Amino acid sequence: MRVIAGKAKGHKLKTIEGLETRPTTDRIKETLFNMIAFDLPQCHFLDLFSGSGAIGIEALSRGAIECIFVEKSKKACEMITENLIHTKLQQNAVLLQKDVFEALDLLRQQKKKFDIIFLDPPYQLGVAESVCNKIVEYELLKKDGYVIWERGTGIEIKSISGLNIIKEKSYKTTVMTFLALEESEK
């Protein structure tokens, strides 16, 4: 796995061995970042369930002004720290080693707002809708911002109050779903 473009282009990233995380493949990551390239410069990016940190690091490499990484696993957090140091992108990064709901509550208390929120929760947890509901409730998304939810093709999305699906990109086993605030929320 590597950084595809930007300041840290070509840097190899470390990942955790085994099934603890599911790194987004370079092919899917490249397509995703080509889709959002114009939204990245100067954006505030939130990477939930960060794993190795590859998504947030790619966002920083391509011009995000800040990325907050949220990851519960100590081992994964150590990997994110190593990857940030290796890519020299740590100055614009904040790493929260917390449960995602604790982290969202902290971000609400800090009155943080994000242009792009990426979430790739473990598929078996079934928490993505709850996370999206908290994002809306805590007003963590800027009015023109959006959420990107990476999910397995077999995972259906239930209606999320306050968010509309604006775009989806399907791959063999993965779907990237883009959600934005409903008009009444803006």
# chains A, B, ... in the order shown; residues from 1 in each chain; ligands from 1

call {"tool": "residues_around", "arguments": {"residues": "Ser73 in chain A", "least_positions_apart": "5", "cutoff": "10 Å", "atoms": "only C-alpha atoms", "output": "PyMOL selection string"}}
result
chain A and resi 20-21+49-51+78-79+97-99

call {"tool": "select_by_dssp", "arguments": {"residues": "chain A", "states": "strand (DSSP E)", "output": "mmCIF file with N, CA and C atoms, in the first residue's frame"}}
result
data_model
loop_
_atom_site.group_PDB
_atom_site.id
_atom_site.type_symbol
_atom_site.label_atom_id
_atom_site.label_comp_id
_atom_site.auth_asym_id
_atom_site.auth_seq_id
_atom_site.Cartn_x
_atom_site.Cartn_y
_atom_site.Cartn_z
ATOM 1 N N HIS A 44 -11.019 20.228 5.954
ATOM 2 C CA HIS A 44 -10.904 19.579 7.266
ATOM 3 C C HIS A 44 -11.492 18.190 7.092
ATOM 4 N N PHE A 45 -10.670 17.161 7.318
ATOM 5 C CA PHE A 45 -10.992 15.774 6.999
ATOM 6 C C PHE A 45 -11.041 14.968 8.297
ATOM 7 N N LEU A 46 -12.053 14.135 8.432
ATOM 8 C CA LEU A 46 -12.182 13.239 9.588
ATOM 9 C C LEU A 46 -12.167 11.808 9.084
ATOM 10 N N ASP A 47 -11.221 11.011 9.565
ATOM 11 C CA ASP A 47 -11.061 9.615 9.158
ATOM 12 C C ASP A 47 -11.447 8.735 10.346
ATOM 13 N N LEU A 48 -12.663 8.174 10.286
ATOM 14 C CA LEU A 48 -13.172 7.314 11.360
ATOM 15 C C LEU A 48 -12.841 5.855 11.067
ATOM 16 N N GLU A 66 -6.147 19.697 7.592
ATOM 17 C CA GLU A 66 -6.157 18.965 8.862
ATOM 18 C C GLU A 66 -6.844 17.624 8.642
ATOM 19 N N CYS A 67 -6.337 16.615 9.324
ATOM 20 C CA CYS A 67 -7.030 15.330 9.366
ATOM 21 C C CYS A 67 -7.017 14.833 10.799
ATOM 22 N N ILE A 68 -8.195 14.490 11.270
ATOM 23 C CA ILE A 68 -8.308 13.853 12.573
ATOM 24 C C ILE A 68 -8.570 12.376 12.330
ATOM 25 N N PHE A 69 -7.707 11.551 12.885
ATOM 26 C CA PHE A 69 -7.805 10.102 12.766
ATOM 27 C C PHE A 69 -8.440 9.568 14.044
ATOM 28 N N VAL A 70 -9.425 8.707 13.910
ATOM 29 C CA VAL A 70 -10.062 8.074 15.070
ATOM 30 C C VAL A 70 -9.898 6.568 14.918
ATOM 31 N N ALA A 93 -1.938 16.499 11.564
ATOM 32 C CA ALA A 93 -2.736 15.339 11.965
ATOM 33 C C ALA A 93 -2.978 15.327 13.469
ATOM 34 N N VAL A 94 -4.157 14.848 13.831
ATOM 35 C CA VAL A 94 -4.499 14.603 15.236
ATOM 36 C C VAL A 94 -4.984 13.162 15.293
ATOM 37 N N LEU A 95 -4.431 12.395 16.218
ATOM 38 C CA LEU A 95 -4.816 10.993 16.368
ATOM 39 C C LEU A 95 -5.540 10.808 17.693
ATOM 40 N N LEU A 96 -6.777 10.332 17.604
ATOM 41 C CA LEU A 96 -7.564 10.055 18.801
ATOM 42 C C LEU A 96 -7.698 8.542 18.953
ATOM 43 N N PHE A 114 -16.410 19.447 9.780
ATOM 44 C CA PHE A 114 -15.580 18.849 8.747
ATOM 45 C C PHE A 114 -16.197 19.008 7.367
ATOM 46 N N ASP A 115 -15.297 19.125 6.378
ATOM 47 C CA ASP A 115 -15.721 19.168 4.979
ATOM 48 C C ASP A 115 -15.997 17.751 4.471
ATOM 49 N N ILE A 116 -15.140 16.816 4.870
ATOM 50 C CA ILE A 116 -15.278 15.424 4.443
ATOM 51 C C ILE A 116 -15.082 14.525 5.664
ATOM 52 N N ILE A 117 -16.019 13.605 5.841
ATOM 53 C CA ILE A 117 -15.911 12.599 6.901
ATOM 54 C C ILE A 117 -15.927 11.240 6.219
ATOM 55 N N PHE A 118 -14.863 10.471 6.427
ATOM 56 C CA PHE A 118 -14.753 9.142 5.833
ATOM 57 C C PHE A 118 -14.944 8.109 6.933
ATOM 58 N N LEU A 119 -15.810 7.122 6.679
ATOM 59 C CA LEU A 119 -15.940 6.046 7.653
ATOM 60 C C LEU A 119 -15.925 4.694 6.971
ATOM 61 N N LEU A 141 -20.699 18.058 10.414
ATOM 62 C CA LEU A 141 -20.498 18.220 8.982
ATOM 63 C C LEU A 141 -20.804 19.657 8.577
ATOM 64 N N LYS A 142 -19.874 20.274 7.850
ATOM 65 C CA LYS A 142 -20.136 21.612 7.329
ATOM 66 C C LYS A 142 -21.293 21.534 6.344
ATOM 67 N N LYS A 143 -21.979 22.646 6.122
ATOM 68 C CA LYS A 143 -23.209 22.607 5.318
ATOM 69 C C LYS A 143 -22.983 22.093 3.904
ATOM 70 N N ASP A 144 -21.814 22.326 3.329
ATOM 71 C CA ASP A 144 -21.520 21.820 1.994
ATOM 72 C C ASP A 144 -20.628 20.576 2.028
ATOM 73 N N GLY A 145 -20.437 20.031 3.215
ATOM 74 C CA GLY A 145 -19.588 18.862 3.357
ATOM 75 C C GLY A 145 -20.327 17.578 3.025
ATOM 76 N N TYR A 146 -19.608 16.474 3.106
ATOM 77 C CA TYR A 146 -20.233 15.174 2.852
ATOM 78 C C TYR A 146 -19.509 14.066 3.609
ATOM 79 N N VAL A 147 -20.252 12.980 3.760
ATOM 80 C CA VAL A 147 -19.757 11.762 4.402
ATOM 81 C C VAL A 147 -19.502 10.744 3.302
ATOM 82 N N ILE A 148 -18.398 10.025 3.408
ATOM 83 C CA ILE A 148 -18.129 8.902 2.516
ATOM 84 C C ILE A 148 -18.103 7.653 3.381
ATOM 85 N N TRP A 149 -19.010 6.729 3.083
ATOM 86 C CA TRP A 149 -19.125 5.494 3.847
ATOM 87 C C TRP A 149 -18.681 4.346 2.950
ATOM 88 N N GLU A 150 -17.579 3.692 3.328
ATOM 89 C CA GLU A 150 -17.123 2.506 2.612
ATOM 90 C C GLU A 150 -17.785 1.296 3.248
ATOM 91 N N ARG A 151 -18.451 0.491 2.417
ATOM 92 C CA ARG A 151 -19.171 -0.676 2.934
ATOM 93 C C ARG A 151 -19.073 -1.836 1.959
ATOM 94 N N GLY A 152 -19.364 -3.019 2.454
ATOM 95 C CA GLY A 152 -19.404 -4.196 1.612
ATOM 96 C C GLY A 152 -20.632 -4.154 0.716
ATOM 97 N N LEU A 163 -29.556 13.017 6.377
ATOM 98 C CA LEU A 163 -28.593 12.800 5.301
ATOM 99 C C LEU A 163 -29.273 12.166 4.090
ATOM 100 N N ASN A 164 -28.848 12.576 2.915
ATOM 101 C CA ASN A 164 -29.308 11.987 1.661
ATOM 102 C C ASN A 164 -28.132 11.372 0.925
ATOM 103 N N ILE A 165 -28.375 10.274 0.238
ATOM 104 C CA ILE A 165 -27.346 9.692 -0.627
ATOM 105 C C ILE A 165 -27.262 10.569 -1.873
ATOM 106 N N ILE A 166 -26.057 11.051 -2.170
ATOM 107 C CA ILE A 166 -25.894 11.893 -3.357
ATOM 108 C C ILE A 166 -25.156 11.176 -4.486
ATOM 109 N N LYS A 167 -24.431 10.104 -4.142
ATOM 110 C CA LYS A 167 -23.670 9.392 -5.154
ATOM 111 C C LYS A 167 -23.223 8.061 -4.577
ATOM 112 N N GLU A 168 -23.089 7.063 -5.458
ATOM 113 C CA GLU A 168 -22.504 5.787 -5.044
ATOM 114 C C GLU A 168 -21.590 5.289 -6.152
ATOM 115 N N LYS A 169 -20.501 4.675 -5.735
ATOM 116 C CA LYS A 169 -19.571 4.063 -6.668
ATOM 117 C C LYS A 169 -19.364 2.629 -6.199
ATOM 118 N N SER A 170 -19.711 1.664 -7.079
ATOM 119 C CA SER A 170 -19.619 0.245 -6.719
ATOM 120 C C SER A 170 -18.404 -0.399 -7.364
ATOM 121 N N THR A 174 -16.978 -3.836 -2.811
ATOM 122 C CA THR A 174 -17.046 -2.620 -2.007
ATOM 123 C C THR A 174 -17.941 -1.576 -2.675
ATOM 124 N N VAL A 175 -18.619 -0.777 -1.835
ATOM 125 C CA VAL A 175 -19.404 0.358 -2.327
ATOM 126 C C VAL A 175 -18.970 1.596 -1.545
ATOM 127 N N MET A 176 -18.740 2.693 -2.260
ATOM 128 C CA MET A 176 -18.487 3.988 -1.639
ATOM 129 C C MET A 176 -19.783 4.784 -1.770
ATOM 130 N N THR A 177 -20.380 5.123 -0.633
ATOM 131 C CA THR A 177 -21.628 5.878 -0.616
ATOM 132 C C THR A 177 -21.337 7.278 -0.099
ATOM 133 N N PHE A 178 -21.747 8.280 -0.864
ATOM 134 C CA PHE A 178 -21.563 9.685 -0.497
ATOM 135 C C PHE A 178 -22.892 10.208 0.028
ATOM 136 N N LEU A 179 -22.860 10.806 1.224
ATOM 137 C CA LEU A 179 -24.059 11.349 1.842
ATOM 138 C C LEU A 179 -23.835 12.811 2.175
ATOM 139 N N ALA A 180 -24.874 13.628 1.948
ATOM 140 C CA ALA A 180 -24.801 15.050 2.275
ATOM 141 C C ALA A 180 -26.009 15.422 3.123
ATOM 142 N N LEU A 181 -25.906 16.551 3.799
ATOM 143 C CA LEU A 181 -27.005 17.022 4.623
ATOM 144 C C LEU A 181 -28.242 17.285 3.765
#

call {"tool": "closest_residue", "arguments": {"among": "A:Met35, A:Ala64, A:Ile57, A:Leu104", "to": "Gln90 in chain A", "atoms": "only C-alpha atoms"}}
result
A:Ile57

call {"tool": "closest_residue", "arguments": {"among": "A:Leu60, A:Ile160, A:Ala5, A:Ile155", "to": "Asn133 in chain A", "atoms": "only C-alpha atoms"}}
result
A:Ile160

call {"tool": "closest_residue", "arguments": {"among": "A:Gln42, A:Ser130, A:Thr31, A:Ser52", "to": "Lys74 in chain A", "atoms": "only C-alpha atoms"}}
result
A:Ser52

call {"tool": "atom_distance", "arguments": {"atom1": "CA of Cys132 in chain A", "atom2": "CA of Gly162 in chain A"}}
result
9.1 Å

call {"tool": "select_by_dssp", "arguments": {"residues": "range 27-80 of chain A", "states": "alpha helix (DSSP H)", "output": "PyMOL selection string"}}
result
chain A and resi 27-36+54-61+74-80

call {"tool": "write_last_selection", "arguments": {"atoms": "N, CA and C atoms", "output": "PDB file, in the first residue's frame"}}
result
ATOM      1  N   ARG A  27      -6.299   0.603  -5.825  1.00  0.00           N
ATOM      2  CA  ARG A  27      -7.164   0.899  -6.978  1.00  0.00           C
ATOM      3  C   ARG A  27      -8.415   1.655  -6.550  1.00  0.00           C
ATOM      4  N   ILE A  28      -9.062   1.176  -5.488  1.00  0.00           N
ATOM      5  CA  ILE A  28     -10.278   1.832  -4.991  1.00  0.00           C
ATOM      6  C   ILE A  28      -9.922   3.203  -4.426  1.00  0.00           C
ATOM      7  N   LYS A  29      -8.810   3.277  -3.687  1.00  0.00           N
ATOM      8  CA  LYS A  29      -8.378   4.544  -3.090  1.00  0.00           C
ATOM      9  C   LYS A  29      -8.092   5.578  -4.186  1.00  0.00           C
ATOM     10  N   GLU A  30      -7.429   5.145  -5.260  1.00  0.00           N
ATOM     11  CA  GLU A  30      -7.120   6.068  -6.351  1.00  0.00           C
ATOM     12  C   GLU A  30      -8.396   6.599  -7.003  1.00  0.00           C
ATOM     13  N   THR A  31      -9.357   5.729  -7.270  1.00  0.00           N
ATOM     14  CA  THR A  31     -10.630   6.154  -7.860  1.00  0.00           C
ATOM     15  C   THR A  31     -11.354   7.115  -6.925  1.00  0.00           C
ATOM     16  N   LEU A  32     -11.423   6.765  -5.647  1.00  0.00           N
ATOM     17  CA  LEU A  32     -12.085   7.621  -4.664  1.00  0.00           C
ATOM     18  C   LEU A  32     -11.453   9.013  -4.645  1.00  0.00           C
ATOM     19  N   PHE A  33     -10.134   9.072  -4.551  1.00  0.00           N
ATOM     20  CA  PHE A  33      -9.470  10.364  -4.437  1.00  0.00           C
ATOM     21  C   PHE A  33      -9.509  11.163  -5.733  1.00  0.00           C
ATOM     22  N   ASN A  34      -9.611  10.500  -6.859  1.00  0.00           N
ATOM     23  CA  ASN A  34      -9.831  11.233  -8.104  1.00  0.00           C
ATOM     24  C   ASN A  34     -11.210  11.889  -8.096  1.00  0.00           C
ATOM     25  N   MET A  35     -12.191  11.233  -7.483  1.00  0.00           N
ATOM     26  CA  MET A  35     -13.549  11.772  -7.400  1.00  0.00           C
ATOM     27  C   MET A  35     -13.625  13.001  -6.482  1.00  0.00           C
ATOM     28  N   ILE A  36     -12.805  13.041  -5.439  1.00  0.00           N
ATOM     29  CA  ILE A  36     -12.906  14.129  -4.451  1.00  0.00           C
ATOM     30  C   ILE A  36     -11.723  15.105  -4.517  1.00  0.00           C
ATOM     31  N   ALA A  54      -4.291   5.134   6.037  1.00  0.00           N
ATOM     32  CA  ALA A  54      -4.023   5.363   4.614  1.00  0.00           C
ATOM     33  C   ALA A  54      -4.953   6.400   3.980  1.00  0.00           C
ATOM     34  N   ILE A  55      -6.223   6.401   4.348  1.00  0.00           N
ATOM     35  CA  ILE A  55      -7.171   7.342   3.736  1.00  0.00           C
ATOM     36  C   ILE A  55      -6.873   8.766   4.195  1.00  0.00           C
ATOM     37  N   GLY A  56      -6.748   8.966   5.494  1.00  0.00           N
ATOM     38  CA  GLY A  56      -6.447  10.297   6.007  1.00  0.00           C
ATOM     39  C   GLY A  56      -5.091  10.814   5.541  1.00  0.00           C
ATOM     40  N   ILE A  57      -4.112   9.922   5.456  1.00  0.00           N
ATOM     41  CA  ILE A  57      -2.783  10.310   4.976  1.00  0.00           C
ATOM     42  C   ILE A  57      -2.855  10.739   3.515  1.00  0.00           C
ATOM     43  N   GLU A  58      -3.633  10.028   2.721  1.00  0.00           N
ATOM     44  CA  GLU A  58      -3.818  10.415   1.316  1.00  0.00           C
ATOM     45  C   GLU A  58      -4.458  11.800   1.240  1.00  0.00           C
ATOM     46  N   ALA A  59      -5.453  12.053   2.108  1.00  0.00           N
ATOM     47  CA  ALA A  59      -6.117  13.365   2.126  1.00  0.00           C
ATOM     48  C   ALA A  59      -5.106  14.471   2.480  1.00  0.00           C
ATOM     49  N   LEU A  60      -4.280  14.229   3.491  1.00  0.00           N
ATOM     50  CA  LEU A  60      -3.258  15.212   3.869  1.00  0.00           C
ATOM     51  C   LEU A  60      -2.254  15.419   2.735  1.00  0.00           C
ATOM     52  N   SER A  61      -1.833  14.342   2.116  1.00  0.00           N
ATOM     53  CA  SER A  61      -0.867  14.427   1.025  1.00  0.00           C
ATOM     54  C   SER A  61      -1.412  15.277  -0.117  1.00  0.00           C
ATOM     55  N   LYS A  74      -4.883   0.069  19.798  1.00  0.00           N
ATOM     56  CA  LYS A  74      -3.559   0.610  20.139  1.00  0.00           C
ATOM     57  C   LYS A  74      -2.546   0.263  19.047  1.00  0.00           C
ATOM     58  N   LYS A  75      -2.606  -0.975  18.570  1.00  0.00           N
ATOM     59  CA  LYS A  75      -1.687  -1.438  17.536  1.00  0.00           C
ATOM     60  C   LYS A  75      -1.854  -0.617  16.245  1.00  0.00           C
ATOM     61  N   ALA A  76      -3.104  -0.360  15.873  1.00  0.00           N
ATOM     62  CA  ALA A  76      -3.375   0.434  14.671  1.00  0.00           C
ATOM     63  C   ALA A  76      -2.903   1.878  14.871  1.00  0.00           C
ATOM     64  N   CYS A  77      -3.103   2.427  16.058  1.00  0.00           N
ATOM     65  CA  CYS A  77      -2.653   3.800  16.342  1.00  0.00           C
ATOM     66  C   CYS A  77      -1.136   3.922  16.237  1.00  0.00           C
ATOM     67  N   GLU A  78      -0.426   2.911  16.686  1.00  0.00           N
ATOM     68  CA  GLU A  78       1.032   2.910  16.554  1.00  0.00           C
ATOM     69  C   GLU A  78       1.417   2.921  15.079  1.00  0.00           C
ATOM     70  N   MET A  79       0.666   2.152  14.262  1.00  0.00           N
ATOM     71  CA  MET A  79       0.919   2.083  12.819  1.00  0.00           C
ATOM     72  C   MET A  79       0.630   3.436  12.157  1.00  0.00           C
ATOM     73  N   ILE A  80      -0.470   4.096  12.558  1.00  0.00           N
ATOM     74  CA  ILE A  80      -0.808   5.414  12.007  1.00  0.00           C
ATOM     75  C   ILE A  80       0.304   6.410  12.339  1.00  0.00           C
TER      76      ILE A  80
END

call {"tool": "closest_residue", "arguments": {"among": "A:Ile85, A:Asp120, A:Lys113, A:Thr153", "to": "Tyr171 in chain A", "atoms": "only C-alpha atoms"}}
result
A:Thr153

call {"tool": "atom_distance", "arguments": {"atom1": "CA of Val131 in chain A", "atom2": "CA of Lys158 in chain A"}}
result
12.5 Å

call {"tool": "atom_distance", "arguments": {"atom1": "CA of Gln91 in chain A", "atom2": "CA of Arg108 in chain A"}}
result
22.2 Å

call {"tool": "residues_around", "arguments": {"residues": "His86 in chain A", "least_positions_apart": "5", "cutoff": "10 Å", "atoms": "only C-alpha atoms", "output": "number ranges by chain"}}
result
A: 8, 11-14, 80-81

call {"tool": "residues_around", "arguments": {"residues": "Gln109 in chain A", "least_positions_apart": "5", "cutoff": "12 Å", "atoms": "only C-alpha atoms", "output": "PyMOL selection string"}}
result
chain A and resi 102-104+138-140

call {"tool": "write_last_selection", "arguments": {"atoms": "N, CA and C atoms", "output": "tab-separated table (two decimals), in the first residue's frame"}}
result
chain	number	residue	atom	x	y	z
A	102	GLU	N	-17.09	7.97	21.57
A	102	GLU	CA	-16.39	8.88	22.50
A	102	GLU	C	-15.71	10.00	21.71
A	103	ALA	N	-15.09	9.63	20.60
A	103	ALA	CA	-14.39	10.62	19.78
A	103	ALA	C	-15.37	11.63	19.19
A	104	LEU	N	-16.51	11.15	18.69
A	104	LEU	CA	-17.50	12.07	18.12
A	104	LEU	C	-18.01	13.04	19.18
A	138	TYR	N	-24.69	15.91	16.16
A	138	TYR	CA	-23.64	16.75	16.73
A	138	TYR	C	-23.21	17.88	15.79
A	139	GLU	N	-23.82	17.96	14.62
A	139	GLU	CA	-23.52	19.01	13.63
A	139	GLU	C	-22.02	19.06	13.30
A	140	LEU	N	-21.44	17.89	13.02
A	140	LEU	CA	-20.01	17.81	12.73
A	140	LEU	C	-19.68	18.05	11.26
